[in-house]
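> Input entry_15.csv, format and content: CSV, C-alpha atoms.
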chain,number,residue,atom,x,y,z
A,1,LEU,CA,2.9,21.2,4.4
A,2,ALA,CA,-0.7,20.1,4.4
A,3,ARG,CA,-1.3,16.4,4.4
A,4,PRO,CA,-4.5,14.5,3.8
A,5,GLY,CA,-6.3,14.6,7.1
A,6,GLN,CA,-4.6,15.2,10.5
A,7,GLN,CA,-1.1,14.3,11.4
A,8,GLN,CA,-0.1,10.7,11.5
A,9,GLN,CA,-1.0,8.6,14.5
A,10,GLN,CA,1.7,7.8,17.1
A,11,GLN,CA,3.5,4.6,16.3
A,12,GLN,CA,1.6,1.7,17.8
A,13,GLN,CA,3.3,-1.7,17.5
A,14,GLY,CA,6.5,-3.4,16.3
A,15,THR,CA,10.1,-2.4,16.0
A,16,LEU,CA,12.4,-1.6,13.1
A,17,SER,CA,15.7,-3.2,12.4
A,18,PRO,CA,18.6,-0.8,12.0
A,19,HIS,CA,18.4,-1.4,8.2
A,20,ARG,CA,14.7,-0.6,8.1
A,21,ARG,CA,15.2,2.5,10.3
A,22,THR,CA,17.9,3.9,8.1
A,23,GLN,CA,15.9,3.1,5.0
A,24,HIS,CA,12.8,4.8,6.5
A,25,THR,CA,14.8,8.0,7.3
A,26,THR,CA,16.3,8.2,3.8
A,27,HIS,CA,12.9,7.6,2.3
A,28,ARG,CA,11.3,10.5,4.1
A,29,THR,CA,14.1,12.8,3.0
A,30,ARG,CA,13.8,11.8,-0.7
A,31,LEU,CA,10.0,12.4,-0.6
A,32,HIS,CA,10.4,16.2,0.1
A,33,SER,CA,9.6,17.1,-3.5
A,34,CYS,CA,6.4,15.1,-3.4
A,35,ARG,CA,5.3,16.9,-0.2
A,36,ALA,CA,5.9,20.2,-1.9
A,37,ALA,CA,3.6,19.2,-4.8
A,38,SER,CA,0.9,17.7,-2.6
A,39,GLN,CA,-2.6,19.1,-1.8
A,40,ASN,CA,-5.3,19.0,0.8
A,41,PRO,CA,-7.9,16.4,0.0
A,42,SER,CA,-11.4,17.5,-0.9
A,43,PRO,CA,-14.4,15.3,-0.1
A,44,GLY,CA,-14.3,12.2,-2.3
A,45,GLN,CA,-10.7,12.8,-3.3
A,46,GLY,CA,-9.0,10.3,-1.0
A,47,GLY,CA,-6.6,10.8,1.9
A,48,ILE,CA,-6.9,9.6,5.5
A,49,SER,CA,-10.5,9.5,6.5
A,50,SER,CA,-11.8,10.4,10.0
A,51,HIS,CA,-12.8,6.8,10.3
A,52,ALA,CA,-9.2,5.8,9.7
A,53,ARG,CA,-7.8,8.1,12.3
A,54,SER,CA,-10.3,7.0,15.0
A,55,HIS,CA,-9.7,3.3,14.3
A,56,ALA,CA,-5.9,3.4,13.8
A,57,THR,CA,-5.2,0.6,16.4
A,58,GLN,CA,-7.7,-1.9,15.0
A,59,LEU,CA,-6.5,-4.2,12.2
A,60,GLN,CA,-9.9,-4.9,10.7
A,61,VAL,CA,-9.3,-4.3,7.0
A,62,ALA,CA,-7.0,-5.5,4.3
A,63,LEU,CA,-5.8,-3.5,1.3
A,64,LYS,CA,-5.8,-5.6,-1.9
A,65,GLU,CA,-2.4,-5.3,-3.7
A,66,TRP,CA,-0.6,-7.1,-6.4
A,67,GLU,CA,1.2,-10.1,-4.9
A,68,PRO,CA,4.7,-9.1,-6.1
A,69,ILE,CA,4.2,-5.7,-4.4
A,70,CYS,CA,3.1,-7.4,-1.2
A,71,ALA,CA,6.3,-9.5,-1.2
A,72,ALA,CA,8.5,-6.4,-1.9
A,73,LEU,CA,6.9,-4.5,1.0
A,74,GLN,CA,7.4,-7.5,3.3
A,75,ALA,CA,11.1,-7.7,2.3
A,76,GLY,CA,11.8,-4.0,2.6
A,77,ASP,CA,12.4,-3.6,-1.1
A,78,GLN,CA,9.4,-1.2,-1.4
A,79,THR,CA,8.3,1.4,1.1
A,80,VAL,CA,5.6,3.4,-0.8
A,81,LEU,CA,2.2,2.7,-2.4
A,82,LEU,CA,0.6,4.7,-5.2
A,83,ARG,CA,-3.1,4.3,-5.3
A,84,LYS,CA,-6.2,5.6,-7.1
A,85,GLY,CA,-8.7,3.0,-6.3
A,86,GLY,CA,-10.4,0.4,-8.5
A,87,ILE,CA,-13.3,0.6,-11.0
A,88,ARG,CA,-15.8,0.2,-8.2
A,89,ASP,CA,-14.1,2.8,-6.0
A,90,PRO,CA,-15.4,6.4,-6.6
A,91,SER,CA,-11.9,7.5,-5.2
A,92,PHE,CA,-9.2,6.0,-3.1
A,93,GLU,CA,-9.6,6.6,0.7
A,94,ILE,CA,-7.4,5.3,3.4
A,95,ARG,CA,-9.8,3.4,5.6
A,96,SER,CA,-7.3,2.8,8.3
A,97,THR,CA,-3.8,3.8,9.0
A,98,GLN,CA,-3.0,0.2,10.0
A,99,PHE,CA,-4.1,-2.6,7.6
A,100,ALA,CA,-3.2,-6.1,6.4
A,101,LEU,CA,-2.1,-6.8,2.9
A,102,LEU,CA,-4.2,-9.2,0.7
A,103,GLY,CA,-2.2,-10.4,-2.3
A,104,THR,CA,-4.0,-10.5,-5.7
A,105,GLY,CA,-3.1,-11.8,-9.1
A,106,PHE,CA,-4.8,-9.1,-11.1
A,107,HIS,CA,-1.8,-8.3,-13.3
A,108,ASN,CA,0.3,-11.1,-14.8
A,109,ASN,CA,2.6,-9.1,-17.0
A,110,GLU,CA,6.1,-9.1,-15.5
A,111,GLN,CA,7.1,-6.2,-17.7
A,112,LEU,CA,5.1,-4.1,-15.2
A,113,LEU,CA,8.1,-4.6,-12.9
A,114,LYS,CA,11.6,-3.0,-13.1
A,115,HIS,CA,13.9,-5.2,-15.1
A,116,ASP,CA,16.4,-5.4,-12.2
A,117,ALA,CA,13.8,-6.3,-9.6
A,118,ASN,CA,14.5,-9.5,-7.7
A,119,PRO,CA,13.6,-12.5,-9.9
A,120,HIS,CA,11.4,-13.8,-7.2
A,121,TYR,CA,9.0,-10.9,-7.7
A,122,HIS,CA,8.9,-11.6,-11.5
A,123,GLU,CA,7.9,-15.2,-10.6
A,124,LEU,CA,5.1,-13.9,-8.4
A,125,CYS,CA,3.5,-12.2,-11.4
A,126,GLU,CA,2.0,-15.6,-12.1
A,127,TYR,CA,0.4,-15.7,-8.6
A,128,ASP,CA,-3.2,-17.0,-8.6
A,129,PRO,CA,-5.1,-16.8,-5.3
A,130,GLY,CA,-6.4,-20.2,-4.3
A,131,PRO,CA,-9.0,-21.3,-1.8
A,132,VAL,CA,-6.7,-20.7,1.2
A,133,LEU,CA,-5.2,-17.3,1.6
A,134,SER,CA,-2.5,-16.0,4.0
A,135,ILE,CA,-1.5,-12.8,5.6
A,136,ALA,CA,2.2,-12.5,6.5
A,137,GLY,CA,2.2,-9.0,8.0
A,138,TRP,CA,0.5,-5.7,8.4
A,139,VAL,CA,1.2,-2.1,7.3
A,140,GLU,CA,1.4,1.1,9.2
A,141,CYS,CA,0.7,4.1,7.0
A,142,THR,CA,3.1,6.7,8.5
A,143,ALA,CA,2.1,9.5,6.2
A,144,ALA,CA,0.0,10.2,3.0
A,145,TRP,CA,-0.3,12.8,0.4
A,146,ASN,CA,-2.6,13.5,-2.6
A,147,VAL,CA,-0.5,14.4,-5.6
A,148,LEU,CA,-1.4,15.5,-9.2
A,149,ASP,CA,2.2,16.6,-10.2
A,150,PRO,CA,4.0,13.9,-12.2
A,151,ILE,CA,7.1,14.7,-10.1
A,152,VAL,CA,5.8,11.9,-7.8
A,153,LEU,CA,6.9,9.3,-10.3
A,154,GLU,CA,10.6,10.5,-10.3
A,155,ALA,CA,10.7,11.2,-6.6
A,156,THR,CA,9.4,7.8,-5.5
A,157,ASP,CA,11.2,5.7,-8.1
A,158,PRO,CA,13.9,4.4,-5.6
A,159,PHE,CA,11.3,3.2,-3.2
A,160,HIS,CA,9.3,0.7,-5.3
A,161,ILE,CA,9.7,-2.1,-7.9
A,162,TRP,CA,7.1,-1.0,-10.4
A,163,GLY,CA,8.3,-0.5,-13.9
A,164,PRO,CA,7.9,2.9,-15.6
A,165,SER,CA,4.9,1.9,-17.7
A,166,PHE,CA,3.0,0.8,-14.7
A,167,VAL,CA,3.4,4.0,-12.6
A,168,HIS,CA,2.6,6.2,-15.6
A,169,LYS,CA,-0.6,4.3,-16.3
A,170,ARG,CA,-1.5,4.5,-12.7
A,171,LEU,CA,-1.1,8.3,-12.7
A,172,ARG,CA,-3.2,8.6,-15.9
A,173,TRP,CA,-6.0,6.4,-14.5
A,174,LYS,CA,-8.9,8.6,-13.5
A,175,GLU,CA,-6.8,11.5,-14.6
A,176,GLU,CA,-9.0,14.1,-12.9
A,177,GLN,CA,-8.2,12.6,-9.5
A,178,PRO,CA,-4.9,13.0,-7.6
A,179,ILE,CA,-2.9,9.9,-6.8
A,180,THR,CA,-2.6,9.0,-3.2
A,181,LEU,CA,1.0,8.4,-2.0
A,182,LEU,CA,1.3,6.3,1.1
A,183,GLU,CA,4.5,6.1,3.1
A,184,THR,CA,4.6,2.7,4.8
A,185,ARG,CA,6.2,0.7,7.5
A,186,VAL,CA,5.6,-3.0,7.4
A,187,HIS,CA,5.4,-5.3,10.4
A,188,SER,CA,6.0,-9.0,9.7
A,189,LEU,CA,4.2,-11.7,11.7
A,190,ARG,CA,6.1,-14.6,13.2
A,191,ASP,CA,3.7,-17.1,11.5
A,192,PRO,CA,1.4,-16.3,8.6
A,193,ILE,CA,-2.3,-16.3,9.3
A,194,MET,CA,-4.1,-18.8,7.0
A,195,PHE,CA,-7.8,-18.4,6.2
A,196,ASN,CA,-10.4,-19.4,3.6
A,197,SER,CA,-11.0,-17.2,0.6
A,198,GLU,CA,-14.5,-15.7,0.2
A,199,GLU,CA,-16.3,-14.5,-2.9
A,200,ARG,CA,-16.7,-11.0,-1.4
A,201,PHE,CA,-12.9,-10.5,-1.4
A,202,TRP,CA,-12.7,-10.3,-5.2
A,203,GLY,CA,-13.6,-7.5,-7.6
A,204,CYS,CA,-12.3,-4.1,-8.7
A,205,PHE,CA,-12.2,-2.4,-5.3
A,206,SER,CA,-9.4,-1.6,-2.9
A,207,TRP,CA,-10.4,-2.7,0.6
A,208,VAL,CA,-12.0,-5.8,2.2
A,209,ASP,CA,-13.2,-6.3,5.8
A,210,LEU,CA,-11.3,-9.1,7.4
A,211,PRO,CA,-13.1,-12.1,9.0
A,212,ALA,CA,-13.4,-11.5,12.7
A,213,ASP,CA,-11.1,-14.4,13.6
A,214,VAL,CA,-8.4,-13.1,11.3
A,215,ALA,CA,-8.6,-9.5,12.7
A,216,THR,CA,-8.4,-11.0,16.2
A,217,ALA,CA,-5.3,-13.0,15.3
A,218,LEU,CA,-3.6,-10.0,13.9
A,219,LEU,CA,-3.9,-8.2,17.2
A,220,GLU,CA,-2.5,-11.0,19.3
Have the structure of the file written as structure tokens, please.

Amino acid sequence: LARPGQQQQQQQQGTLSPHRRTQHTTHRTRLHSCRAASQNPSPGQGGISSHARSHATQLQVALKEWEPICAALQAGDQTVLLRKGGIRDPSFEIRSTQFALLGTGFHNNEQLLKHDANPHYHELCEYDPGPVLSIAGWVECTAAWNVLDPIVLEATDPFHIWGPSFVHKRLRWKEEQPITLLETRVHSLRDPIMFNSEERFWGCFSWVDLPADVATALLE
């Protein structure tokens, strides 16, 4: 099977609990059909960039993601991401195989989540970033694929809390482009890192460069 870019980087930091380790193994098995439907990335079509592969041990960027999804990733209730980029992104590209999560409040419709998702995630649909932000962990992208086949929606359903309407809309967004499926492992910090919000963080784009002091704290 061809994956976007070269094979995943050797695991760098952190350990998995037995629950997370079992969940991760099951997850990779259930994604077999997505792998079969995946394709090699063409320039501008996403995937893991050469920059990402050469900077895999440097936590210098954050991926902006809806706050309920950030919480589900942290709790182990979600283990995949489906991305196509924002309005200001020509396509989605994985800038680094290790990145922080920056929670956003872009969507406030709790119907975009599964009905049986933890009530806490539904409450987080009302999240509104304030002047002080926090990062509670970082993500290791263990594998990624570009997929055009709608089979990705069925195959990944057990591994996320998005509702059916959300994932179908995400697949149809920029319909000519494949959706990037990221298989993830999340590493929680002992204490969240707090830092001031900046105007440059906000807008319809996927990635932000972290302030230098935040990036340094993530590596400690």
> Counting only C-alpha atoms, what is within 10 Å of A:Gly137, bar same-chain residues fewer than 6 positions away, as a list in words?
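Selected residues are Cys70, Leu73, Gln74, Phe99, Ala100, Leu101, Leu102, Val186, His187, Ser188, Leu189, Arg190, Asp191, Pro192, Ile193 and Leu218 of chain A.
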> Point out the residue among A:Gly105, A:Gly85, A:Gly76, A:Pro119 with the least atom-to-atom distance to A:Leu63, counting only C-alpha atoms.
A:Gly85
> Can you pull out every residue within 12 Å of A:Ile87, counting all atoms listed in the file, but drop anything in the same chain fewer than 3 positions away, and send it as a VMD selection string?
chain A and resid 84 90 to 92 173 to 174 203 to 206
> Using only C-alpha atoms, which of the listed residues (A:Ala117, A:Val139, A:Ile161, A:Ala155) sits closest to A:Ile69?
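The closest residue to A:Ile69 is A:Ile161.
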> Would you pick out the contacts of A:Asp157 at 12 Å or less, using all atoms listed in the file, so that residues sharing its chain but fewer than 4 positions from it are not included, and give the list as a PDB file with C-alpha atoms, in the frame of the given file?

ATOM      1  CA  HIS A  27      12.900   7.600   2.300  1.00  0.00           C
ATOM      2  CA  ARG A  30      13.800  11.800  -0.700  1.00  0.00           C
ATOM      3  CA  LEU A  31      10.000  12.400  -0.600  1.00  0.00           C
ATOM      4  CA  CYS A  34       6.400  15.100  -3.400  1.00  0.00           C
ATOM      5  CA  ASP A  77      12.400  -3.600  -1.100  1.00  0.00           C
ATOM      6  CA  GLN A  78       9.400  -1.200  -1.400  1.00  0.00           C
ATOM      7  CA  THR A  79       8.300   1.400   1.100  1.00  0.00           C
ATOM      8  CA  VAL A  80       5.600   3.400  -0.800  1.00  0.00           C
ATOM      9  CA  LEU A  81       2.200   2.700  -2.400  1.00  0.00           C
ATOM     10  CA  LEU A  82       0.600   4.700  -5.200  1.00  0.00           C
ATOM     11  CA  LEU A 113       8.100  -4.600 -12.900  1.00  0.00           C
ATOM     12  CA  LYS A 114      11.600  -3.000 -13.100  1.00  0.00           C
ATOM     13  CA  PRO A 150       4.000  13.900 -12.200  1.00  0.00           C
ATOM     14  CA  ILE A 151       7.100  14.700 -10.100  1.00  0.00           C
ATOM     15  CA  VAL A 152       5.800  11.900  -7.800  1.00  0.00           C
ATOM     16  CA  LEU A 153       6.900   9.300 -10.300  1.00  0.00           C
ATOM     17  CA  ILE A 161       9.700  -2.100  -7.900  1.00  0.00           C
ATOM     18  CA  TRP A 162       7.100  -1.000 -10.400  1.00  0.00           C
ATOM     19  CA  GLY A 163       8.300  -0.500 -13.900  1.00  0.00           C
ATOM     20  CA  PRO A 164       7.900   2.900 -15.600  1.00  0.00           C
ATOM     21  CA  PHE A 166       3.000   0.800 -14.700  1.00  0.00           C
ATOM     22  CA  VAL A 167       3.400   4.000 -12.600  1.00  0.00           C
ATOM     23  CA  HIS A 168       2.600   6.200 -15.600  1.00  0.00           C
TER      24      HIS A 168
END
> Using only C-alpha atoms, which residues sit within 8 Å of A:Ile179 once same-chain residues fewer than 3 positions away are excluded, as JSON, numbers by chain?
{"A": [82, 83, 84, 146, 147, 148, 171]}
> Once you have the residues from the selection above, write them out as a tab-separated table (two decimals), in the frame of the given file, restricted to C-alpha atoms.

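Once everything was written out, this is again.tsv:
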chain	number	residue	atom	x	y	z
A	82	LEU	CA	0.60	4.70	-5.20
A	83	ARG	CA	-3.10	4.30	-5.30
A	84	LYS	CA	-6.20	5.60	-7.10
A	146	ASN	CA	-2.60	13.50	-2.60
A	147	VAL	CA	-0.50	14.40	-5.60
A	148	LEU	CA	-1.40	15.50	-9.20
A	171	LEU	CA	-1.10	8.30	-12.70
> Any idea what the distance is between atom CA of A:Pro129 and atom CA of A:Thr104?
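For atom CA of A:Pro129 relative to atom CA of A:Thr104, the distance reads 6.4 Å.
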> Interatomic distance between atom CA of A:Gly103 and atom CA of A:Leu133?
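Calculated distance between atom CA of A:Gly103 and atom CA of A:Leu133 is 8.5 Å.
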> Between atom CA of A:Tyr121 and atom CA of A:Pro68, what is the distance in Å, rounded to a tenth?
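Separating atom CA of A:Tyr121 from atom CA of A:Pro68 is a distance of 4.9 Å.
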> Nearest to A:Glu198 among A:Glu123, A:Gly130, A:Phe159, A:Leu182, with distances taken over all atoms listed in the file: which residue is it?
A:Gly130
> Quick one: of A:Gln98, A:Arg200, A:Ala212, A:Arg172, who's nearest to A:Thr184, counting only C-alpha atoms?
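The answer is A:Gln98, which sits nearest to A:Thr184.
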> Which of these, A:Cys141, A:Thr97, A:Trp207, A:Gly86, has the shortest distance to A:Arg170 once you count only C-alpha atoms?
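Closest candidate: A:Gly86.
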